[in-house]
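J.: The structure's right below; bear with me while I get my questions together.
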Amino acid sequence: MLSDIVALSFVWLFLFVTSLRSQSCVIDNRSLSTAWEQKLREELMSCDSRYQPPSINETVVKISFTLKSFYFENDEEIFTISSWVFLNWDDLRLTWNPDHYDGINEVILSSMKIWTPKLSHYSSSGEDEFDYIMSGCRITAKGRVTCIPRVVHQTVCSTKLTNWPYDTQNCTFEFGSKPGFDRAKFVLGSPRGIKMFGAEYGPGWTIVDFSKSESNDSKSVKFSFNFIVQREGVGLAALVIVPSLILSLITVMSMTLNVEDKIRLGMLCFGLLGQFIFLQEINSDLPKHSADTPTVLLYLRSSIVLTLLSIGITFVLTHLYTRCKPPPNFILTFNEKVFESYARYIIWPKWNTTGENKIGDDVNKILTAWIDFASIINFVSMSIIALTYIVMYTIYIPKKPDF
Ligand SMILES: *[C@@H]1O[C@H](CO)[C@@H](O)[C@H](O)[C@H]1NC(C)=O
């Protein structure tokens with residue numbers, strides 16, 4: 001039953017279409033110029049050798065690119081550009097005298113119907129050929145052919161994550177013609193080979209530099225485009241660098257607290273935990289396809305070591321702080337030397353005994369000696385740690401590069 005209906009509808013459709021066709025045969029409602037153009041097209045396409053190269057010599061093909069957009073795919077592995085490619089060349093078989101065709105001096109033909117130069121794109125995954133499908137080419141009466149296909153190319157870039165999140169990628173696209181294949185010689189039209197017109201600002205990335213290079217060996221012509229693409233790292237940097245610095249500051253700040261104070265150890269442990277969690281967090285955010293380690297990670301790793309060291313120092317100082325045995329002589333002379341020199345002005349914080357006046361003078365003296373000694377050790381280790389942080393900051397924290 002259903003198939004009957006389908007068959008019947010096909011019959012109706014067929015009758016309808018044929019009636020339309022016969023109508024258009026009876027009344028030719030094409031305009032005069034359309035008729036001329038059709039005649040011209042038929043004549044241009046009548047040539048048997050129209051898929052052969054235009055001449056036995058080289059055909060010079062001027063080529064230039066205009067970038068439309070770009071983006072990264074698959075975990076930043078694959079760089080894709082989409083561009084208009086302007087190609088033009090002369091094909092003397094496609095000429096006519098406009099006077100013989102009602103003054104028509106240009107016509108649009110599908111690129112499938114004429115010879116087009118074959119440009120290869122050499123990518124790491126092999127060689128893929130240009131795709132002109134669905135593109136119209138403009139042909140003038142003098143035989144100048146202009147095609148502007150829109151094409152998409154992909155490549156794999158070399159990444160250096162050292163400066164992450166301000167890292168850059170170096171992406172190269174290589175094109176060329178196969179030697180002796182269709183005798184096309186590609187010549188880059190514009191001085192830089194590719195135009196941008198604002199397309200250099202992509203999602204999350206910016207093309208900060210691009211260049212072309214051409215190599216011209218015996219027969220084949222090769223040219224390549226080099227894009228230096230930089231991550232828009234400002235937002236990421238705020239999320240990565242600011243917390244790292246705050247965590248380092250916690251470590252240094254806690255060194256100024258009294259060792260008797262439980263807050264000091266608490267802060268250090270909190271900082272240590274924070275650094276571990278933060279390291280995990282960054283690790284999951286990182287793009288993973290590079291061999292080199294981002295220096296931010298090195299900064300955090302060293303910061304963890306410094307925090308562990310501070311915790312160790314805190315334990316040692318707590319031990320010294322609460323000693324009751326009389327200190328050996330060298331500690332007394334050391335304290336004296338330090339506190340009689342100018343160093344006494346810079347030792348900070350300098351801890352004092354917690355005013356328990358009840359204990360005898362002797363005991364007080366012993367305590368003061370140990371506490372002074374602990375203050376000096378604390379000051380020295382704090383300075384060294386702070387200095388190390390400053391050095392680490394200048395070495396490891398990536399700065400926004402300027403191009
Ligand atoms: C990018 O890579 C190409 C070739 O791989 C190289 O010639 C060029 O110097 C590189 N550019 C930068 C800035 O690293």
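Going by the structure tokens order, chains are called A, B, ..., each with residues numbered from 1, while ligands are numbered from 1 in the order shown.
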Pick out the residues no farther than 9 Å from ligand 1, counting only C-alpha atoms and all ligand atoms, and list them as a ChimeraX atom specification.
T.: /A:157-158,168-172,209,213,226-228
J.: List as a PDB file with all heavy atoms, in the first residue's frame the protein and nucleic acid residues near range 243-249 of chain A, meaning an atom at most 10 Å away when only C-alpha atoms are counted, but skip any in the same chain fewer than 2 places from it.
T.:
```
ATOM      1  N   ALA A 237      47.965  33.728  34.182  1.00  0.00           N
ATOM      2  CA  ALA A 237      49.085  34.141  35.015  1.00  0.00           C
ATOM      3  C   ALA A 237      48.585  34.616  36.370  1.00  0.00           C
ATOM      4  O   ALA A 237      49.163  34.300  37.407  1.00  0.00           O
ATOM      5  CB  ALA A 237      49.873  35.241  34.327  1.00  0.00           C
ATOM      6  N   ALA A 238      47.468  35.359  36.343  1.00  0.00           N
ATOM      7  CA  ALA A 238      46.913  35.836  37.608  1.00  0.00           C
ATOM      8  C   ALA A 238      46.510  34.643  38.472  1.00  0.00           C
ATOM      9  O   ALA A 238      46.672  34.657  39.684  1.00  0.00           O
ATOM     10  CB  ALA A 238      45.719  36.736  37.333  1.00  0.00           C
ATOM     11  N   LEU A 239      46.010  33.592  37.836  1.00  0.00           N
ATOM     12  CA  LEU A 239      45.552  32.424  38.589  1.00  0.00           C
ATOM     13  C   LEU A 239      46.705  31.558  39.077  1.00  0.00           C
ATOM     14  O   LEU A 239      46.539  30.761  39.989  1.00  0.00           O
ATOM     15  CB  LEU A 239      44.639  31.564  37.709  1.00  0.00           C
ATOM     16  CG  LEU A 239      43.262  32.144  37.430  1.00  0.00           C
ATOM     17  CD1 LEU A 239      42.470  31.223  36.555  1.00  0.00           C
ATOM     18  CD2 LEU A 239      42.536  32.380  38.740  1.00  0.00           C
ATOM     19  N   VAL A 240      47.859  31.701  38.437  1.00  0.00           N
ATOM     20  CA  VAL A 240      48.977  30.809  38.783  1.00  0.00           C
ATOM     21  C   VAL A 240      50.027  31.543  39.611  1.00  0.00           C
ATOM     22  O   VAL A 240      50.484  31.046  40.641  1.00  0.00           O
ATOM     23  CB  VAL A 240      49.615  30.254  37.490  1.00  0.00           C
ATOM     24  CG1 VAL A 240      50.904  29.539  37.808  1.00  0.00           C
ATOM     25  CG2 VAL A 240      48.650  29.328  36.799  1.00  0.00           C
ATOM     26  N   ILE A 241      50.372  32.748  39.163  1.00  0.00           N
ATOM     27  CA  ILE A 241      51.519  33.421  39.780  1.00  0.00           C
ATOM     28  C   ILE A 241      51.146  34.080  41.099  1.00  0.00           C
ATOM     29  O   ILE A 241      51.887  33.975  42.078  1.00  0.00           O
ATOM     30  CB  ILE A 241      52.128  34.418  38.770  1.00  0.00           C
ATOM     31  CG1 ILE A 241      52.757  33.608  37.645  1.00  0.00           C
ATOM     32  CG2 ILE A 241      53.158  35.305  39.420  1.00  0.00           C
ATOM     33  CD1 ILE A 241      53.133  34.388  36.451  1.00  0.00           C
ATOM     34  N   THR A 251      55.229  31.769  53.956  1.00  0.00           N
ATOM     35  CA  THR A 251      56.414  31.133  54.543  1.00  0.00           C
ATOM     36  C   THR A 251      57.334  32.167  55.179  1.00  0.00           C
ATOM     37  O   THR A 251      57.760  32.019  56.330  1.00  0.00           O
ATOM     38  CB  THR A 251      57.182  30.361  53.452  1.00  0.00           C
ATOM     39  OG1 THR A 251      56.302  29.394  52.885  1.00  0.00           O
ATOM     40  CG2 THR A 251      58.394  29.657  54.008  1.00  0.00           C
ATOM     41  N   VAL A 252      57.617  33.248  54.456  1.00  0.00           N
ATOM     42  CA  VAL A 252      58.546  34.255  54.982  1.00  0.00           C
ATOM     43  C   VAL A 252      57.938  34.959  56.188  1.00  0.00           C
ATOM     44  O   VAL A 252      58.615  35.179  57.203  1.00  0.00           O
ATOM     45  CB  VAL A 252      58.923  35.261  53.879  1.00  0.00           C
ATOM     46  CG1 VAL A 252      59.836  36.341  54.425  1.00  0.00           C
ATOM     47  CG2 VAL A 252      59.608  34.545  52.731  1.00  0.00           C
ATOM     48  N   MET A 253      56.656  35.302  56.091  1.00  0.00           N
ATOM     49  CA  MET A 253      55.994  36.013  57.189  1.00  0.00           C
ATOM     50  C   MET A 253      55.995  35.188  58.469  1.00  0.00           C
ATOM     51  O   MET A 253      56.207  35.719  59.567  1.00  0.00           O
ATOM     52  CB  MET A 253      54.538  36.319  56.820  1.00  0.00           C
ATOM     53  CG  MET A 253      54.379  37.264  55.670  1.00  0.00           C
ATOM     54  SD  MET A 253      54.587  38.956  56.187  1.00  0.00           S
ATOM     55  CE  MET A 253      52.988  39.241  56.883  1.00  0.00           C
ATOM     56  N   SER A 254      55.754  33.899  58.313  1.00  0.00           N
ATOM     57  CA  SER A 254      55.649  33.084  59.522  1.00  0.00           C
ATOM     58  C   SER A 254      56.994  32.999  60.234  1.00  0.00           C
ATOM     59  O   SER A 254      57.053  32.784  61.435  1.00  0.00           O
ATOM     60  CB  SER A 254      55.120  31.701  59.184  1.00  0.00           C
ATOM     61  OG  SER A 254      55.965  31.098  58.250  1.00  0.00           O
ATOM     62  N   MET A 255      58.082  33.247  59.488  1.00  0.00           N
ATOM     63  CA  MET A 255      59.408  33.239  60.111  1.00  0.00           C
ATOM     64  C   MET A 255      59.572  34.406  61.089  1.00  0.00           C
ATOM     65  O   MET A 255      60.487  34.406  61.907  1.00  0.00           O
ATOM     66  CB  MET A 255      60.510  33.334  59.049  1.00  0.00           C
ATOM     67  CG  MET A 255      60.609  32.152  58.116  1.00  0.00           C
ATOM     68  SD  MET A 255      61.256  30.696  58.920  1.00  0.00           S
ATOM     69  CE  MET A 255      63.007  31.048  58.954  1.00  0.00           C
ATOM     70  N   LEU A 268      53.092  27.674  58.805  1.00  0.00           N
ATOM     71  CA  LEU A 268      54.021  26.986  57.902  1.00  0.00           C
ATOM     72  C   LEU A 268      53.379  25.728  57.329  1.00  0.00           C
ATOM     73  O   LEU A 268      53.473  25.459  56.124  1.00  0.00           O
ATOM     74  CB  LEU A 268      55.309  26.632  58.643  1.00  0.00           C
ATOM     75  CG  LEU A 268      56.265  27.804  58.850  1.00  0.00           C
ATOM     76  CD1 LEU A 268      57.404  27.406  59.764  1.00  0.00           C
ATOM     77  CD2 LEU A 268      56.808  28.276  57.511  1.00  0.00           C
ATOM     78  N   PHE A 270      50.197  25.145  57.060  1.00  0.00           N
ATOM     79  CA  PHE A 270      49.134  25.574  56.151  1.00  0.00           C
ATOM     80  C   PHE A 270      49.717  25.932  54.784  1.00  0.00           C
ATOM     81  O   PHE A 270      49.206  25.518  53.737  1.00  0.00           O
ATOM     82  CB  PHE A 270      48.407  26.776  56.756  1.00  0.00           C
ATOM     83  CG  PHE A 270      47.465  27.446  55.810  1.00  0.00           C
ATOM     84  CD1 PHE A 270      46.219  26.890  55.541  1.00  0.00           C
ATOM     85  CD2 PHE A 270      47.818  28.626  55.165  1.00  0.00           C
ATOM     86  CE1 PHE A 270      45.357  27.505  54.660  1.00  0.00           C
ATOM     87  CE2 PHE A 270      46.959  29.238  54.279  1.00  0.00           C
ATOM     88  CZ  PHE A 270      45.719  28.673  54.030  1.00  0.00           C
ATOM     89  N   GLY A 271      50.827  26.675  54.802  1.00  0.00           N
ATOM     90  CA  GLY A 271      51.479  27.058  53.551  1.00  0.00           C
ATOM     91  C   GLY A 271      51.941  25.844  52.763  1.00  0.00           C
ATOM     92  O   GLY A 271      51.767  25.762  51.553  1.00  0.00           O
ATOM     93  N   LEU A 272      52.497  24.879  53.487  1.00  0.00           N
ATOM     94  CA  LEU A 272      53.001  23.661  52.831  1.00  0.00           C
ATOM     95  C   LEU A 272      51.861  22.904  52.148  1.00  0.00           C
ATOM     96  O   LEU A 272      51.952  22.513  50.981  1.00  0.00           O
ATOM     97  CB  LEU A 272      53.672  22.775  53.878  1.00  0.00           C
ATOM     98  CG  LEU A 272      54.446  21.588  53.331  1.00  0.00           C
ATOM     99  CD1 LEU A 272      55.623  22.073  52.515  1.00  0.00           C
ATOM    100  CD2 LEU A 272      54.927  20.689  54.460  1.00  0.00           C
ATOM    101  N   LEU A 273      50.771  22.760  52.891  1.00  0.00           N
ATOM    102  CA  LEU A 273      49.605  22.065  52.347  1.00  0.00           C
ATOM    103  C   LEU A 273      49.079  22.815  51.125  1.00  0.00           C
ATOM    104  O   LEU A 273      48.795  22.214  50.077  1.00  0.00           O
ATOM    105  CB  LEU A 273      48.532  21.986  53.433  1.00  0.00           C
ATOM    106  CG  LEU A 273      47.367  21.061  53.117  1.00  0.00           C
ATOM    107  CD1 LEU A 273      47.847  19.624  53.169  1.00  0.00           C
ATOM    108  CD2 LEU A 273      46.223  21.287  54.096  1.00  0.00           C
ATOM    109  N   GLY A 274      49.018  24.152  51.274  1.00  0.00           N
ATOM    110  CA  GLY A 274      48.540  24.984  50.160  1.00  0.00           C
ATOM    111  C   GLY A 274      49.382  24.764  48.916  1.00  0.00           C
ATOM    112  O   GLY A 274      48.863  24.621  47.812  1.00  0.00           O
ATOM    113  N   GLN A 275      50.702  24.683  49.103  1.00  0.00           N
ATOM    114  CA  GLN A 275      51.583  24.514  47.946  1.00  0.00           C
ATOM    115  C   GLN A 275      51.379  23.160  47.287  1.00  0.00           C
ATOM    116  O   GLN A 275      51.378  23.054  46.061  1.00  0.00           O
ATOM    117  CB  GLN A 275      53.035  24.695  48.374  1.00  0.00           C
ATOM    118  CG  GLN A 275      53.384  26.167  48.563  1.00  0.00           C
ATOM    119  CD  GLN A 275      54.647  26.362  49.333  1.00  0.00           C
ATOM    120  OE1 GLN A 275      55.470  25.476  49.434  1.00  0.00           O
ATOM    121  NE2 GLN A 275      54.800  27.543  49.887  1.00  0.00           N
ATOM    122  N   PHE A 278      48.079  23.299  45.420  1.00  0.00           N
ATOM    123  CA  PHE A 278      48.196  24.189  44.270  1.00  0.00           C
ATOM    124  C   PHE A 278      48.996  23.524  43.134  1.00  0.00           C
ATOM    125  O   PHE A 278      48.662  23.647  41.963  1.00  0.00           O
ATOM    126  CB  PHE A 278      48.858  25.479  44.732  1.00  0.00           C
ATOM    127  CG  PHE A 278      48.808  26.561  43.710  1.00  0.00           C
ATOM    128  CD1 PHE A 278      47.598  26.961  43.177  1.00  0.00           C
ATOM    129  CD2 PHE A 278      49.955  27.182  43.275  1.00  0.00           C
ATOM    130  CE1 PHE A 278      47.532  27.955  42.229  1.00  0.00           C
ATOM    131  CE2 PHE A 278      49.902  28.176  42.325  1.00  0.00           C
ATOM    132  CZ  PHE A 278      48.690  28.560  41.809  1.00  0.00           C
ATOM    133  N   LEU A 279      50.040  22.789  43.523  1.00  0.00           N
ATOM    134  CA  LEU A 279      50.857  22.092  42.530  1.00  0.00           C
ATOM    135  C   LEU A 279      50.017  21.068  41.764  1.00  0.00           C
ATOM    136  O   LEU A 279      50.092  20.952  40.540  1.00  0.00           O
ATOM    137  CB  LEU A 279      52.010  21.396  43.253  1.00  0.00           C
ATOM    138  CG  LEU A 279      53.214  20.969  42.414  1.00  0.00           C
ATOM    139  CD1 LEU A 279      53.831  22.165  41.740  1.00  0.00           C
ATOM    140  CD2 LEU A 279      54.237  20.295  43.303  1.00  0.00           C
ATOM    141  N   VAL A 296      57.324  27.765  36.387  1.00  0.00           N
ATOM    142  CA  VAL A 296      56.448  28.004  37.545  1.00  0.00           C
ATOM    143  C   VAL A 296      56.452  26.780  38.454  1.00  0.00           C
ATOM    144  O   VAL A 296      56.449  26.899  39.681  1.00  0.00           O
ATOM    145  CB  VAL A 296      55.007  28.290  37.074  1.00  0.00           C
ATOM    146  CG1 VAL A 296      54.108  28.535  38.259  1.00  0.00           C
ATOM    147  CG2 VAL A 296      54.976  29.473  36.161  1.00  0.00           C
ATOM    148  N   LEU A 297      56.487  25.599  37.839  1.00  0.00           N
ATOM    149  CA  LEU A 297      56.510  24.373  38.630  1.00  0.00           C
ATOM    150  C   LEU A 297      57.813  24.264  39.415  1.00  0.00           C
ATOM    151  O   LEU A 297      57.816  23.841  40.566  1.00  0.00           O
ATOM    152  CB  LEU A 297      56.349  23.143  37.735  1.00  0.00           C
ATOM    153  CG  LEU A 297      54.991  22.960  37.060  1.00  0.00           C
ATOM    154  CD1 LEU A 297      54.903  21.598  36.416  1.00  0.00           C
ATOM    155  CD2 LEU A 297      53.877  23.110  38.079  1.00  0.00           C
ATOM    156  N   TYR A 299      59.507  26.745  40.481  1.00  0.00           N
ATOM    157  CA  TYR A 299      59.380  27.722  41.570  1.00  0.00           C
ATOM    158  C   TYR A 299      58.633  27.088  42.740  1.00  0.00           C
ATOM    159  O   TYR A 299      59.071  27.161  43.884  1.00  0.00           O
ATOM    160  CB  TYR A 299      58.629  28.959  41.076  1.00  0.00           C
ATOM    161  CG  TYR A 299      58.453  30.022  42.124  1.00  0.00           C
ATOM    162  CD1 TYR A 299      59.408  30.995  42.316  1.00  0.00           C
ATOM    163  CD2 TYR A 299      57.332  30.028  42.952  1.00  0.00           C
ATOM    164  CE1 TYR A 299      59.271  31.950  43.288  1.00  0.00           C
ATOM    165  CE2 TYR A 299      57.177  30.981  43.939  1.00  0.00           C
ATOM    166  CZ  TYR A 299      58.145  31.947  44.102  1.00  0.00           C
ATOM    167  OH  TYR A 299      58.009  32.893  45.082  1.00  0.00           O
ATOM    168  N   LEU A 300      57.505  26.450  42.423  1.00  0.00           N
ATOM    169  CA  LEU A 300      56.700  25.857  43.495  1.00  0.00           C
ATOM    170  C   LEU A 300      57.463  24.735  44.198  1.00  0.00           C
ATOM    171  O   LEU A 300      57.387  24.593  45.415  1.00  0.00           O
ATOM    172  CB  LEU A 300      55.398  25.314  42.916  1.00  0.00           C
ATOM    173  CG  LEU A 300      54.253  26.325  42.885  1.00  0.00           C
ATOM    174  CD1 LEU A 300      53.067  25.749  42.160  1.00  0.00           C
ATOM    175  CD2 LEU A 300      53.853  26.713  44.302  1.00  0.00           C
ATOM    176  N   SER A 303      59.892  26.194  46.424  1.00  0.00           N
ATOM    177  CA  SER A 303      59.193  26.831  47.532  1.00  0.00           C
ATOM    178  C   SER A 303      58.798  25.796  48.579  1.00  0.00           C
ATOM    179  O   SER A 303      58.869  26.059  49.787  1.00  0.00           O
ATOM    180  CB  SER A 303      57.960  27.550  46.988  1.00  0.00           C
ATOM    181  OG  SER A 303      57.237  28.121  48.027  1.00  0.00           O
ATOM    182  N   ILE A 304      58.412  24.610  48.114  1.00  0.00           N
ATOM    183  CA  ILE A 304      58.067  23.533  49.054  1.00  0.00           C
ATOM    184  C   ILE A 304      59.301  23.161  49.877  1.00  0.00           C
ATOM    185  O   ILE A 304      59.232  23.011  51.102  1.00  0.00           O
ATOM    186  CB  ILE A 304      57.515  22.315  48.284  1.00  0.00           C
ATOM    187  CG1 ILE A 304      56.096  22.620  47.823  1.00  0.00           C
ATOM    188  CG2 ILE A 304      57.527  21.075  49.159  1.00  0.00           C
ATOM    189  CD1 ILE A 304      55.466  21.554  46.984  1.00  0.00           C
ATOM    190  N   LEU A 306      61.836  25.072  50.607  1.00  0.00           N
ATOM    191  CA  LEU A 306      62.125  26.161  51.553  1.00  0.00           C
ATOM    192  C   LEU A 306      61.170  26.117  52.744  1.00  0.00           C
ATOM    193  O   LEU A 306      61.571  26.361  53.884  1.00  0.00           O
ATOM    194  CB  LEU A 306      62.019  27.513  50.841  1.00  0.00           C
ATOM    195  CG  LEU A 306      63.161  27.857  49.890  1.00  0.00           C
ATOM    196  CD1 LEU A 306      62.949  29.235  49.296  1.00  0.00           C
ATOM    197  CD2 LEU A 306      64.493  27.809  50.617  1.00  0.00           C
ATOM    198  N   THR A 307      59.896  25.802  52.468  1.00  0.00           N
ATOM    199  CA  THR A 307      58.929  25.749  53.563  1.00  0.00           C
ATOM    200  C   THR A 307      59.270  24.602  54.520  1.00  0.00           C
ATOM    201  O   THR A 307      59.196  24.749  55.741  1.00  0.00           O
ATOM    202  CB  THR A 307      57.509  25.571  53.001  1.00  0.00           C
ATOM    203  OG1 THR A 307      57.293  26.559  51.996  1.00  0.00           O
ATOM    204  CG2 THR A 307      56.460  25.735  54.081  1.00  0.00           C
ATOM    205  N   ILE A 385      66.275  32.697  53.416  1.00  0.00           N
ATOM    206  CA  ILE A 385      65.082  32.199  52.716  1.00  0.00           C
ATOM    207  C   ILE A 385      64.451  33.303  51.882  1.00  0.00           C
ATOM    208  O   ILE A 385      64.103  33.096  50.708  1.00  0.00           O
ATOM    209  CB  ILE A 385      64.088  31.603  53.739  1.00  0.00           C
ATOM    210  CG1 ILE A 385      64.637  30.257  54.215  1.00  0.00           C
ATOM    211  CG2 ILE A 385      62.710  31.429  53.124  1.00  0.00           C
ATOM    212  CD1 ILE A 385      63.855  29.614  55.303  1.00  0.00           C
ATOM    213  N   ALA A 386      64.342  34.502  52.451  1.00  0.00           N
ATOM    214  CA  ALA A 386      63.747  35.609  51.694  1.00  0.00           C
ATOM    215  C   ALA A 386      64.568  35.914  50.445  1.00  0.00           C
ATOM    216  O   ALA A 386      64.037  36.104  49.353  1.00  0.00           O
ATOM    217  CB  ALA A 386      63.629  36.843  52.576  1.00  0.00           C
ATOM    218  N   TYR A 389      64.022  33.364  47.835  1.00  0.00           N
ATOM    219  CA  TYR A 389      62.754  33.605  47.136  1.00  0.00           C
ATOM    220  C   TYR A 389      62.898  34.683  46.066  1.00  0.00           C
ATOM    221  O   TYR A 389      62.370  34.557  44.974  1.00  0.00           O
ATOM    222  CB  TYR A 389      61.666  34.016  48.131  1.00  0.00           C
ATOM    223  CG  TYR A 389      60.850  32.838  48.624  1.00  0.00           C
ATOM    224  CD1 TYR A 389      60.763  32.525  49.961  1.00  0.00           C
ATOM    225  CD2 TYR A 389      60.148  32.043  47.715  1.00  0.00           C
ATOM    226  CE1 TYR A 389      60.024  31.448  50.405  1.00  0.00           C
ATOM    227  CE2 TYR A 389      59.407  30.969  48.145  1.00  0.00           C
ATOM    228  CZ  TYR A 389      59.346  30.670  49.493  1.00  0.00           C
ATOM    229  OH  TYR A 389      58.615  29.609  49.909  1.00  0.00           O
ATOM    230  N   TYR A 393      62.302  34.155  42.241  1.00  0.00           N
ATOM    231  CA  TYR A 393      61.297  34.940  41.523  1.00  0.00           C
ATOM    232  C   TYR A 393      61.861  35.444  40.198  1.00  0.00           C
ATOM    233  O   TYR A 393      61.235  35.312  39.154  1.00  0.00           O
ATOM    234  CB  TYR A 393      60.843  36.123  42.385  1.00  0.00           C
ATOM    235  CG  TYR A 393      59.876  37.033  41.681  1.00  0.00           C
ATOM    236  CD1 TYR A 393      58.522  36.723  41.619  1.00  0.00           C
ATOM    237  CD2 TYR A 393      60.318  38.195  41.048  1.00  0.00           C
ATOM    238  CE1 TYR A 393      57.637  37.541  40.954  1.00  0.00           C
ATOM    239  CE2 TYR A 393      59.435  39.016  40.385  1.00  0.00           C
ATOM    240  CZ  TYR A 393      58.090  38.685  40.343  1.00  0.00           C
ATOM    241  OH  TYR A 393      57.225  39.479  39.666  1.00  0.00           O
ATOM    242  N   ILE A 397      59.843  32.903  37.679  1.00  0.00           N
ATOM    243  CA  ILE A 397      58.503  33.404  37.365  1.00  0.00           C
ATOM    244  C   ILE A 397      58.517  34.021  35.966  1.00  0.00           C
ATOM    245  O   ILE A 397      59.277  34.938  35.694  1.00  0.00           O
ATOM    246  CB  ILE A 397      58.039  34.447  38.408  1.00  0.00           C
ATOM    247  CG1 ILE A 397      57.885  33.792  39.775  1.00  0.00           C
ATOM    248  CG2 ILE A 397      56.736  35.097  37.989  1.00  0.00           C
ATOM    249  CD1 ILE A 397      56.752  32.807  39.892  1.00  0.00           C
TER     250      ILE A 397
END
```
J.: Just the number, please: distance in Å from CA of Leu32 in chain A to CA of His100 in chain A, one decimal.
T.: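 Taking CA of Leu32 in chain A and CA of His100 in chain A, their separation equals 13.5 Å.
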J.: For Val316 in chain A, find every residue with an atom within 12 Å (counting only C-alpha atoms), except residues of its own chain fewer than 6 positions away, and show them as a PDB file with N, CA and C atoms, in the first residue's frame.
T.:
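Generated file (selection_17.pdb):
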```
ATOM      1  N   VAL A 259      58.856  31.677  67.999  1.00  0.00           N
ATOM      2  CA  VAL A 259      58.801  30.219  67.868  1.00  0.00           C
ATOM      3  C   VAL A 259      57.932  29.590  68.938  1.00  0.00           C
ATOM      4  N   GLU A 260      57.776  30.336  70.069  1.00  0.00           N
ATOM      5  CA  GLU A 260      56.920  29.790  71.125  1.00  0.00           C
ATOM      6  C   GLU A 260      55.467  29.757  70.677  1.00  0.00           C
ATOM      7  N   LEU A 309      62.196  23.466  55.029  1.00  0.00           N
ATOM      8  CA  LEU A 309      63.379  23.932  55.753  1.00  0.00           C
ATOM      9  C   LEU A 309      62.959  24.846  56.908  1.00  0.00           C
ATOM     10  N   SER A 310      62.007  25.734  56.643  1.00  0.00           N
ATOM     11  CA  SER A 310      61.535  26.641  57.690  1.00  0.00           C
ATOM     12  C   SER A 310      60.926  25.864  58.838  1.00  0.00           C
ATOM     13  N   THR A 322      63.741  26.790  74.666  1.00  0.00           N
ATOM     14  CA  THR A 322      63.281  26.303  75.970  1.00  0.00           C
ATOM     15  C   THR A 322      64.385  25.588  76.748  1.00  0.00           C
ATOM     16  N   ARG A 323      65.619  25.820  76.338  1.00  0.00           N
ATOM     17  CA  ARG A 323      66.723  25.159  77.052  1.00  0.00           C
ATOM     18  C   ARG A 323      66.967  25.811  78.404  1.00  0.00           C
ATOM     19  N   TRP A 370      70.126  31.991  75.472  1.00  0.00           N
ATOM     20  CA  TRP A 370      69.566  31.079  74.471  1.00  0.00           C
ATOM     21  C   TRP A 370      68.611  31.804  73.533  1.00  0.00           C
ATOM     22  N   PHE A 373      70.457  33.911  71.073  1.00  0.00           N
ATOM     23  CA  PHE A 373      71.051  33.035  70.056  1.00  0.00           C
ATOM     24  C   PHE A 373      69.985  32.587  69.038  1.00  0.00           C
ATOM     25  N   ALA A 374      68.826  32.198  69.569  1.00  0.00           N
ATOM     26  CA  ALA A 374      67.730  31.774  68.684  1.00  0.00           C
ATOM     27  C   ALA A 374      67.304  32.917  67.767  1.00  0.00           C
ATOM     28  N   SER A 375      67.273  34.142  68.298  1.00  0.00           N
ATOM     29  CA  SER A 375      66.890  35.305  67.476  1.00  0.00           C
ATOM     30  C   SER A 375      67.845  35.482  66.310  1.00  0.00           C
ATOM     31  N   ILE A 377      69.889  33.204  64.947  1.00  0.00           N
ATOM     32  CA  ILE A 377      69.731  32.111  63.973  1.00  0.00           C
ATOM     33  C   ILE A 377      68.482  32.335  63.136  1.00  0.00           C
ATOM     34  N   ASN A 378      67.403  32.741  63.776  1.00  0.00           N
ATOM     35  CA  ASN A 378      66.152  32.962  63.059  1.00  0.00           C
ATOM     36  C   ASN A 378      66.303  34.069  62.030  1.00  0.00           C
ATOM     37  N   SER A 381      68.472  32.782  59.080  1.00  0.00           N
ATOM     38  CA  SER A 381      67.791  31.841  58.175  1.00  0.00           C
ATOM     39  C   SER A 381      66.641  32.522  57.442  1.00  0.00           C
TER      40      SER A 381
END
```
J.: I'd like the neighbourhood of Glu73 in chain A as a VMD selection string, where a residue qualifies if any of its atoms comes within 12 Å (using only C-alpha atoms), though same-chain residues fewer than 4 positions away should be ignored.
T.: chain A and resid 77 to 81 154 to 157 203 to 204 287
J.: Considering only C-alpha atoms, state which residue in the set A:Glu214, A:Asp48, A:Asp361, A:Glu37 is at the smallest distance from Leu188 in chain A.
T.: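 Distance minimum relative to Leu188 in chain A lands on A:Glu214.
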J.: Could you check which of A:Ser120, A:Ser111, A:Ser33, A:Gln280 is closest to Ser224 in chain A, using only C-alpha atoms?
T.: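 Among the listed residues, A:Ser120 lies closest to Ser224 in chain A.
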J.: As JSON, numbers by chain, which residues of range 84-256 of chain A does DSSP assign to helix (DSSP H, G or I)?
T.: {"A": [98, 99, 100, 101, 111, 112, 113, 161, 162, 163, 234, 235, 236, 237, 238, 239, 240, 241, 242, 243, 244, 245, 246, 247, 248, 249, 250, 251, 252, 253, 254]}
J.: Determine the nearest neighbour of Lys62 in chain A from the options A:Tyr321, A:Tyr396, A:Phe186, A:Tyr122, counting only C-alpha atoms.
T.: A:Phe186
J.: Would you mind telling me which residue in A:Pro401, A:Met196, A:Gly176, A:Lys142 lies nearest to Arg231 in chain A when using only C-alpha atoms?
T.: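 Once distances to Arg231 in chain A are computed over only C-alpha atoms, the minimum belongs to A:Pro401.
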J.: I need the residues of range 56-162 of chain A that end up classed as strand (DSSP E or B) by DSSP on the backbone, written out as a count of residues only.
T.: 60
J.: In Å, how far is it from CA of Arg150 in chain A to CA of Ser110 in chain A?
T.: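 For CA of Arg150 in chain A relative to CA of Ser110 in chain A, the distance reads 14.1 Å.
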J.: I'd like the neighbourhood of Pro294 in chain A as a PyMOL selection string, where a residue qualifies if any of its atoms comes within 7 Å (using only C-alpha atoms), though same-chain residues fewer than 2 positions away should be ignored.
T.: chain A and resi 161-164+292+296-297
